[in-house]
Protein chains: 2
Amino acid sequence: MTRPSDKPSPDPRHTLTLRDVSEASGVSEMTVSRVLRNRGDVSAPTREKVLEAARALGYVPNKIAGALASQRVNLVGVVIPSLSNMVFPEVMTGISEVLDGTGLQPVVGVTNYLPDREEAVIYEMLSWRPSGMIIAGLEHTPASRAMLARAGIPIVEIMDIDGDPINHAVGISHRRAGRQMAEAIIAAGYRKIAFLGTQMPNDFRAKKRLEGFEEALSKAGLKLVDREFYSGGSALLKGREMTAAVLDRTPDVDFLYYSNDMIGAGGLLYCLAQGLDVPGRIGLAGFNGVELLDGLPRKLATMDACRLEIGRKAARLIAEAPSEAQVEELFPTLQAGDTIRG
Amino acid sequence: MTRPSDKPSPDPRHTLTLRDVSEASGVSEMTVSRVLRNRGDVSAPTREKVLEAARALGYVPNKIAGALASQRVNLVGVVIPSLSNMVFPEVMTGISEVLDGTGLQPVVGVTNYLPDREEAVIYEMLSWRPSGMIIAGLEHTPASRAMLARAGIPIVEIMDIDGDPINHAVGISHRRAGRQMAEAIIAAGYRKIAFLGTQMPNDFRAKKRLEGFEEALSKAGLKLVDREFYSGGSALLKGREMTAAVLDRTPDVDFLYYSNDMIGAGGLLYCLAQGLDVPGRIGLAGFNGVELLDGLPRKLATMDACRLEIGRKAARLIAEAPSEAQVEELFPTLQAGDTIRG
DNA sequence: TATGGTACTGATAGCGCTAACAGCTCATGG
DNA sequence: CCATGAGCTGTTAGCGCTATCAGTACCATA
């Protein structure tokens, strides 16, 4: 499947440099540099000449050289565990939204919830000397923490505030979120409560939600009547399967708390298909407040994680670089939907 | 919400350079450089000394300087329209999978389906002199094409092959995919067929699918009995709404072809909730083969877009940089699911 | 012993750009 | 008439690293 083929570039010789533009337009490299960056005064005719020459040649500046010379890099590293669960893309949206107005540019790195991978990603990113770093979570390897702490740039840890930030932090308390959901469930009169979640030792936020959840249960003299974990595969499908398993194993269960909305949605579809009375016979709740839920036949109870706002605030911290370390706590709201009675 | 605050770094003075490591370990900068890059011969004791000094100091190399000096950058630009529709994250997975073994690193840029934005992203990326570029689609502004063509690096346009690639291309024929789906639908005996899709003038691939689809219809003497477009919002919800609208407006419609699985899933849920006989009274089909569908009560007919494989092949082209321009066509398989009768 | 190689280390010269400063020209005002 | 400064342009000196070449020491071979 090969085409006759022209090489990628009809390059006369080397790749273009400032010198080429400077020669083509008859001014010094410095003047070209000034024009191309809109910095300092350049007369209108000169500016025109330069711009035209640059355009004609198809010159693209070399930021590597520029960054080295100016000691300035307009990049912001963003380190997240995954792109495929709908929550981080929304955080990215918030970040881009704010950064767009500042000349800064996000660069994403994905860790797949692996601490060593995270360390490698952080190292790699720092080696490009970014203007700031945004990182999901508060749990990192000691080496990661050390690198970040001494990078001399603003660091924002996002999503979570239950812990000890390196520098800035923006997020919600997942422990509190879990507790709050448990309280709402108990208040609605449910007593036989099960938890269904991901089998991910490094999803600290899900873990904290569960901790908070159990804490509130035990304060009410209750404990989980069942729990079920999964890993990999289609979350929606897993939600169905896990729900089936729990209902089978613990037939008198009356509430299912899911660690995320996707498996919750699967569970909801399953319960409805089984003809179970939701929320009368059994209640359901998820976490995240993903948009997807709007399209379901019944609205799953959930808590939004303030993702957009977290992204925005984190980006703002990078852009403004306050000298004082800030911790911004956001407060998710419980959306009862149609799957908690009352 | 301000903490007592330590500044981000307890920096003694400047940020570390090779010179610091070289002084701390008593060898030349060059030797340190060799150790840190595993290049050339360095005696074991020297290597140890250097590594220890680097670790103790917390040295992180400056890739900017390194890249400038060596004229080599281990970055691959990846330009995609969106992160939020599940298809590109999977392409990214394929890319990372292959790149991981090569020392190359993907850098993602998002265009939101805006050609001007794409041009800006490409310019920005090229200014970092990456080792290659992977770009979704074959439609770009003339300036974009020109920049890419003369960048002198491997360029891979992905997803689509119905057009004229700049250099390499890996993808499927969306026109053919649309045609194929139409043929299957007609063969199953459906005759009153409607299309439901996104209102996005720059989603050329969806447009090509529709073109192929209509082409096959008209070859069978048919034409669409209705069409409905949406933009923004929860795709699942929009799917429900659009489906309701079409069923309302064109009650005798017997097939709904959706431009993506997400709205298709919404439509399916709606039809089931209405108690419609699927696929007897009405058939449905989407496009993409997203994992999500596995969790639905009934399996939506779809065609997978070979996303993982596209990512892999694109990355391989970048890594191997064949001098001949390659066009690799992949062939999606039709998954009839439970929503086309027959 | 001369010769050549191998293993290792260092000195030098940039990579392509920008910060900082040094000019030059011309208008203004004392 | 010169002093002053604004407006514009050029010169110089790196930014922190790596390619390249030039050693030095030591061993093996002829």
# chains A, B, ... in the order shown; residues from 1 in each chain; ligands from 1
$ residues_around --residues "segment 25-29 of chain D" --least-positions-apart "2" --cutoff "9 Å" --atoms "only C-alpha atoms (C1' of nucleotides)" --output "count of residues only"
6
$ residues_around --residues "segment 155-169 of chain B" --least-positions-apart "4" --cutoff "9 Å" --atoms "only C-alpha atoms (C1' of nucleotides)" --output "NGL selection string"
(:A and (5-8)) or (:B and (132-139 or 145-146 or 148-149 or 151 or 173-175 or 205 or 208 or 305-307 or 310-311 or 314-315 or 317-318 or 324-329))
$ write_last_selection --atoms "C-alpha atoms" --output "mmCIF file, in the first residue's frame"
data_model
loop_
_atom_site.group_PDB
_atom_site.id
_atom_site.type_symbol
_atom_site.label_atom_id
_atom_site.label_comp_id
_atom_site.auth_asym_id
_atom_site.auth_seq_id
_atom_site.Cartn_x
_atom_site.Cartn_y
_atom_site.Cartn_z
ATOM 1 C CA SER A 5 5.933 9.089 -2.720
ATOM 2 C CA ASP A 6 7.436 12.411 -2.296
ATOM 3 C CA LYS A 7 9.540 12.654 0.845
ATOM 4 C CA PRO A 8 7.826 14.569 3.615
ATOM 5 C CA GLY B 132 6.900 13.207 14.261
ATOM 6 C CA MET B 133 3.284 14.269 14.133
ATOM 7 C CA ILE B 134 0.058 12.280 14.226
ATOM 8 C CA ILE B 135 -3.040 14.168 13.194
ATOM 9 C CA ALA B 136 -6.670 13.167 13.010
ATOM 10 C CA GLY B 137 -8.255 13.626 9.633
ATOM 11 C CA LEU B 138 -7.175 14.625 6.172
ATOM 12 C CA GLU B 139 -8.788 18.052 6.054
ATOM 13 C CA ARG B 145 -0.676 21.407 5.259
ATOM 14 C CA ALA B 146 2.251 23.544 4.212
ATOM 15 C CA LEU B 148 3.487 19.881 8.046
ATOM 16 C CA ALA B 149 4.765 19.148 4.585
ATOM 17 C CA ALA B 151 8.633 20.131 8.671
ATOM 18 C CA SER B 173 -12.821 4.557 4.593
ATOM 19 C CA HIS B 174 -15.766 6.212 6.280
ATOM 20 C CA ARG B 175 -17.576 6.467 3.012
ATOM 21 C CA ARG B 205 -15.660 11.655 8.942
ATOM 22 C CA LYS B 208 -18.386 10.970 4.750
ATOM 23 C CA ALA B 305 -13.484 2.098 13.879
ATOM 24 C CA CYS B 306 -10.280 0.125 14.543
ATOM 25 C CA ARG B 307 -9.154 2.802 16.929
ATOM 26 C CA ILE B 310 -4.947 2.903 14.102
ATOM 27 C CA GLY B 311 -3.050 4.281 17.080
ATOM 28 C CA ALA B 314 0.470 5.366 13.369
ATOM 29 C CA ALA B 315 2.973 5.185 16.189
ATOM 30 C CA LEU B 317 5.140 4.679 11.296
ATOM 31 C CA ILE B 318 6.573 7.491 13.398
ATOM 32 C CA GLU B 324 8.210 5.939 1.344
ATOM 33 C CA ALA B 325 4.851 7.472 2.202
ATOM 34 C CA GLN B 326 2.477 4.733 3.339
ATOM 35 C CA VAL B 327 -1.309 4.610 3.247
ATOM 36 C CA GLU B 328 -2.667 1.847 5.442
ATOM 37 C CA GLU B 329 -6.332 1.073 5.102
#
$ select_by_dssp --residues "segment 154-193 of chain A" --states "strand (DSSP E)" --output "number ranges by chain"
A: 155-160, 168-172, 193
$ interface_residues --of "chain B" --to "chain D" --cutoff "6 Å" --atoms "only C-alpha atoms (C1' of nucleotides)" --output "VMD selection string"
chain B and resid 65 to 66 69 to 70
$ closest_atom_pairs --of "chain B" --to "chain C" --cutoff "8 Å" --atoms "only C-alpha atoms (C1' of nucleotides)" --output "tab-separated table"
residue	atom	partner	partner_atom	distance
B:Ser28	CA	C:DG10	C1'	6.6
B:Met30	CA	C:DG10	C1'	7.5
B:Thr31	CA	C:DT9	C1'	7.0
B:Asp41	CA	C:DC8	C1'	6.6
B:Val42	CA	C:DC8	C1'	6.2
B:Ser43	CA	C:DC8	C1'	6.9
B:Leu68	CA	C:DC15	C1'	5.0
B:Ala69	CA	C:DC15	C1'	4.5
B:Ser70	CA	C:DC15	C1'	7.2
B:Gln71	CA	C:DC15	C1'	7.0
$ closest_residue --among "A:Asp226, A:Glu320, A:Glu309, A:Glu241" --to "chain B" --atoms "only C-alpha atoms"
A:Glu241
$ select_by_dssp --residues "segment 33-76 of chain B" --states "alpha helix (DSSP H)" --output "VMD selection string"
chain B and resid 33 to 37 44 to 57 63 to 70
$ residues_around --residues "segment 100-106 of chain A" --least-positions-apart "5" --cutoff "8 Å" --atoms "only C-alpha atoms (C1' of nucleotides)" --output "PyMOL selection string"
chain A and resi 74-78+95+319
$ atom_distance --atom1 "atom CA of Arg281 of chain B" --atom2 "atom CA of Tyr257 of chain B"
14.5 Å
$ decode --residues "segment 76-89 of chain B" --atoms "all heavy atoms" --output "PDB file, in the first residue's frame"
ATOM      1  N   VAL B  76       6.470  13.303  20.212  1.00  0.00           N
ATOM      2  CA  VAL B  76       5.616  13.106  19.040  1.00  0.00           C
ATOM      3  C   VAL B  76       4.325  13.889  19.264  1.00  0.00           C
ATOM      4  O   VAL B  76       3.631  13.663  20.251  1.00  0.00           O
ATOM      5  CB  VAL B  76       5.282  11.617  18.832  1.00  0.00           C
ATOM      6  CG1 VAL B  76       4.311  11.448  17.678  1.00  0.00           C
ATOM      7  CG2 VAL B  76       6.538  10.816  18.602  1.00  0.00           C
ATOM      8  N   GLY B  77       4.035  14.813  18.388  1.00  0.00           N
ATOM      9  CA  GLY B  77       2.807  15.594  18.530  1.00  0.00           C
ATOM     10  C   GLY B  77       1.602  14.782  18.074  1.00  0.00           C
ATOM     11  O   GLY B  77       1.654  14.126  17.039  1.00  0.00           O
ATOM     12  N   VAL B  78       0.544  14.815  18.862  1.00  0.00           N
ATOM     13  CA  VAL B  78      -0.696  14.131  18.484  1.00  0.00           C
ATOM     14  C   VAL B  78      -1.816  15.163  18.513  1.00  0.00           C
ATOM     15  O   VAL B  78      -2.092  15.753  19.551  1.00  0.00           O
ATOM     16  CB  VAL B  78      -1.024  12.983  19.448  1.00  0.00           C
ATOM     17  CG1 VAL B  78      -2.298  12.280  19.006  1.00  0.00           C
ATOM     18  CG2 VAL B  78       0.129  11.997  19.540  1.00  0.00           C
ATOM     19  N   VAL B  79      -2.424  15.407  17.371  1.00  0.00           N
ATOM     20  CA  VAL B  79      -3.440  16.452  17.273  1.00  0.00           C
ATOM     21  C   VAL B  79      -4.803  15.810  17.030  1.00  0.00           C
ATOM     22  O   VAL B  79      -5.009  15.148  16.016  1.00  0.00           O
ATOM     23  CB  VAL B  79      -3.120  17.416  16.119  1.00  0.00           C
ATOM     24  CG1 VAL B  79      -4.156  18.520  16.049  1.00  0.00           C
ATOM     25  CG2 VAL B  79      -1.728  17.994  16.297  1.00  0.00           C
ATOM     26  N   ILE B  80      -5.706  15.977  17.967  1.00  0.00           N
ATOM     27  CA  ILE B  80      -7.021  15.350  17.863  1.00  0.00           C
ATOM     28  C   ILE B  80      -8.118  16.365  18.152  1.00  0.00           C
ATOM     29  O   ILE B  80      -7.871  17.395  18.781  1.00  0.00           O
ATOM     30  CB  ILE B  80      -7.143  14.168  18.844  1.00  0.00           C
ATOM     31  CG1 ILE B  80      -6.878  14.658  20.270  1.00  0.00           C
ATOM     32  CG2 ILE B  80      -6.173  13.069  18.485  1.00  0.00           C
ATOM     33  CD1 ILE B  80      -6.899  13.539  21.285  1.00  0.00           C
ATOM     34  N   PRO B  81      -9.336  16.086  17.677  1.00  0.00           N
ATOM     35  CA  PRO B  81     -10.403  17.071  17.813  1.00  0.00           C
ATOM     36  C   PRO B  81     -10.972  17.166  19.224  1.00  0.00           C
ATOM     37  O   PRO B  81     -11.457  18.221  19.622  1.00  0.00           O
ATOM     38  CB  PRO B  81     -11.494  16.578  16.864  1.00  0.00           C
ATOM     39  CG  PRO B  81     -10.965  15.402  16.148  1.00  0.00           C
ATOM     40  CD  PRO B  81      -9.746  14.939  16.856  1.00  0.00           C
ATOM     41  N   SER B  82     -10.915  16.078  19.974  1.00  0.00           N
ATOM     42  CA  SER B  82     -11.622  16.082  21.243  1.00  0.00           C
ATOM     43  C   SER B  82     -11.178  14.912  22.106  1.00  0.00           C
ATOM     44  O   SER B  82     -10.784  13.868  21.597  1.00  0.00           O
ATOM     45  CB  SER B  82     -13.120  15.970  20.981  1.00  0.00           C
ATOM     46  OG  SER B  82     -13.800  15.522  22.120  1.00  0.00           O
ATOM     47  N   LEU B  83     -11.261  15.110  23.404  1.00  0.00           N
ATOM     48  CA  LEU B  83     -10.914  14.002  24.297  1.00  0.00           C
ATOM     49  C   LEU B  83     -12.163  13.357  24.872  1.00  0.00           C
ATOM     50  O   LEU B  83     -12.111  12.316  25.497  1.00  0.00           O
ATOM     51  CB  LEU B  83     -10.067  14.507  25.460  1.00  0.00           C
ATOM     52  CG  LEU B  83      -8.580  14.629  25.208  1.00  0.00           C
ATOM     53  CD1 LEU B  83      -7.898  15.210  26.432  1.00  0.00           C
ATOM     54  CD2 LEU B  83      -7.991  13.268  24.875  1.00  0.00           C
ATOM     55  N   SER B  84     -13.309  13.989  24.646  1.00  0.00           N
ATOM     56  CA  SER B  84     -14.457  13.599  25.444  1.00  0.00           C
ATOM     57  C   SER B  84     -15.404  12.646  24.748  1.00  0.00           C
ATOM     58  O   SER B  84     -16.495  12.424  25.203  1.00  0.00           O
ATOM     59  CB  SER B  84     -15.206  14.840  25.905  1.00  0.00           C
ATOM     60  OG  SER B  84     -15.464  15.679  24.819  1.00  0.00           O
ATOM     61  N   ASN B  85     -15.012  12.051  23.648  1.00  0.00           N
ATOM     62  CA  ASN B  85     -15.979  11.143  23.029  1.00  0.00           C
ATOM     63  C   ASN B  85     -15.519   9.698  22.968  1.00  0.00           C
ATOM     64  O   ASN B  85     -15.989   8.937  22.156  1.00  0.00           O
ATOM     65  CB  ASN B  85     -16.386  11.636  21.660  1.00  0.00           C
ATOM     66  CG  ASN B  85     -15.203  11.628  20.729  1.00  0.00           C
ATOM     67  OD1 ASN B  85     -14.114  11.240  21.132  1.00  0.00           O
ATOM     68  ND2 ASN B  85     -15.419  12.024  19.499  1.00  0.00           N
ATOM     69  N   MET B  86     -14.599   9.336  23.814  1.00  0.00           N
ATOM     70  CA  MET B  86     -14.208   7.938  23.973  1.00  0.00           C
ATOM     71  C   MET B  86     -13.415   7.384  22.815  1.00  0.00           C
ATOM     72  O   MET B  86     -12.743   6.386  22.978  1.00  0.00           O
ATOM     73  CB  MET B  86     -15.427   7.040  24.157  1.00  0.00           C
ATOM     74  CG  MET B  86     -16.341   7.536  25.243  1.00  0.00           C
ATOM     75  SD  MET B  86     -17.564   6.298  25.661  1.00  0.00           S
ATOM     76  CE  MET B  86     -17.102   5.956  27.350  1.00  0.00           C
ATOM     77  N   VAL B  87     -13.472   8.001  21.661  1.00  0.00           N
ATOM     78  CA  VAL B  87     -12.748   7.370  20.557  1.00  0.00           C
ATOM     79  C   VAL B  87     -11.265   7.749  20.598  1.00  0.00           C
ATOM     80  O   VAL B  87     -10.417   6.902  20.424  1.00  0.00           O
ATOM     81  CB  VAL B  87     -13.407   7.594  19.168  1.00  0.00           C
ATOM     82  CG1 VAL B  87     -14.554   8.548  19.255  1.00  0.00           C
ATOM     83  CG2 VAL B  87     -12.416   7.997  18.123  1.00  0.00           C
ATOM     84  N   PHE B  88     -10.971   8.988  20.907  1.00  0.00           N
ATOM     85  CA  PHE B  88      -9.569   9.365  20.872  1.00  0.00           C
ATOM     86  C   PHE B  88      -8.746   8.830  22.034  1.00  0.00           C
ATOM     87  O   PHE B  88      -7.581   8.479  21.842  1.00  0.00           O
ATOM     88  CB  PHE B  88      -9.446  10.862  20.680  1.00  0.00           C
ATOM     89  CG  PHE B  88      -9.962  11.259  19.337  1.00  0.00           C
ATOM     90  CD1 PHE B  88     -11.163  11.930  19.201  1.00  0.00           C
ATOM     91  CD2 PHE B  88      -9.289  10.864  18.199  1.00  0.00           C
ATOM     92  CE1 PHE B  88     -11.675  12.225  17.952  1.00  0.00           C
ATOM     93  CE2 PHE B  88      -9.792  11.153  16.939  1.00  0.00           C
ATOM     94  CZ  PHE B  88     -10.985  11.839  16.818  1.00  0.00           C
ATOM     95  N   PRO B  89      -9.335   8.749  23.225  1.00  0.00           N
ATOM     96  CA  PRO B  89      -8.553   8.108  24.279  1.00  0.00           C
ATOM     97  C   PRO B  89      -8.074   6.715  23.872  1.00  0.00           C
ATOM     98  O   PRO B  89      -6.951   6.336  24.175  1.00  0.00           O
ATOM     99  CB  PRO B  89      -9.548   8.031  25.439  1.00  0.00           C
ATOM    100  CG  PRO B  89     -10.424   9.209  25.247  1.00  0.00           C
ATOM    101  CD  PRO B  89     -10.557   9.356  23.746  1.00  0.00           C
TER     102      PRO B  89
END
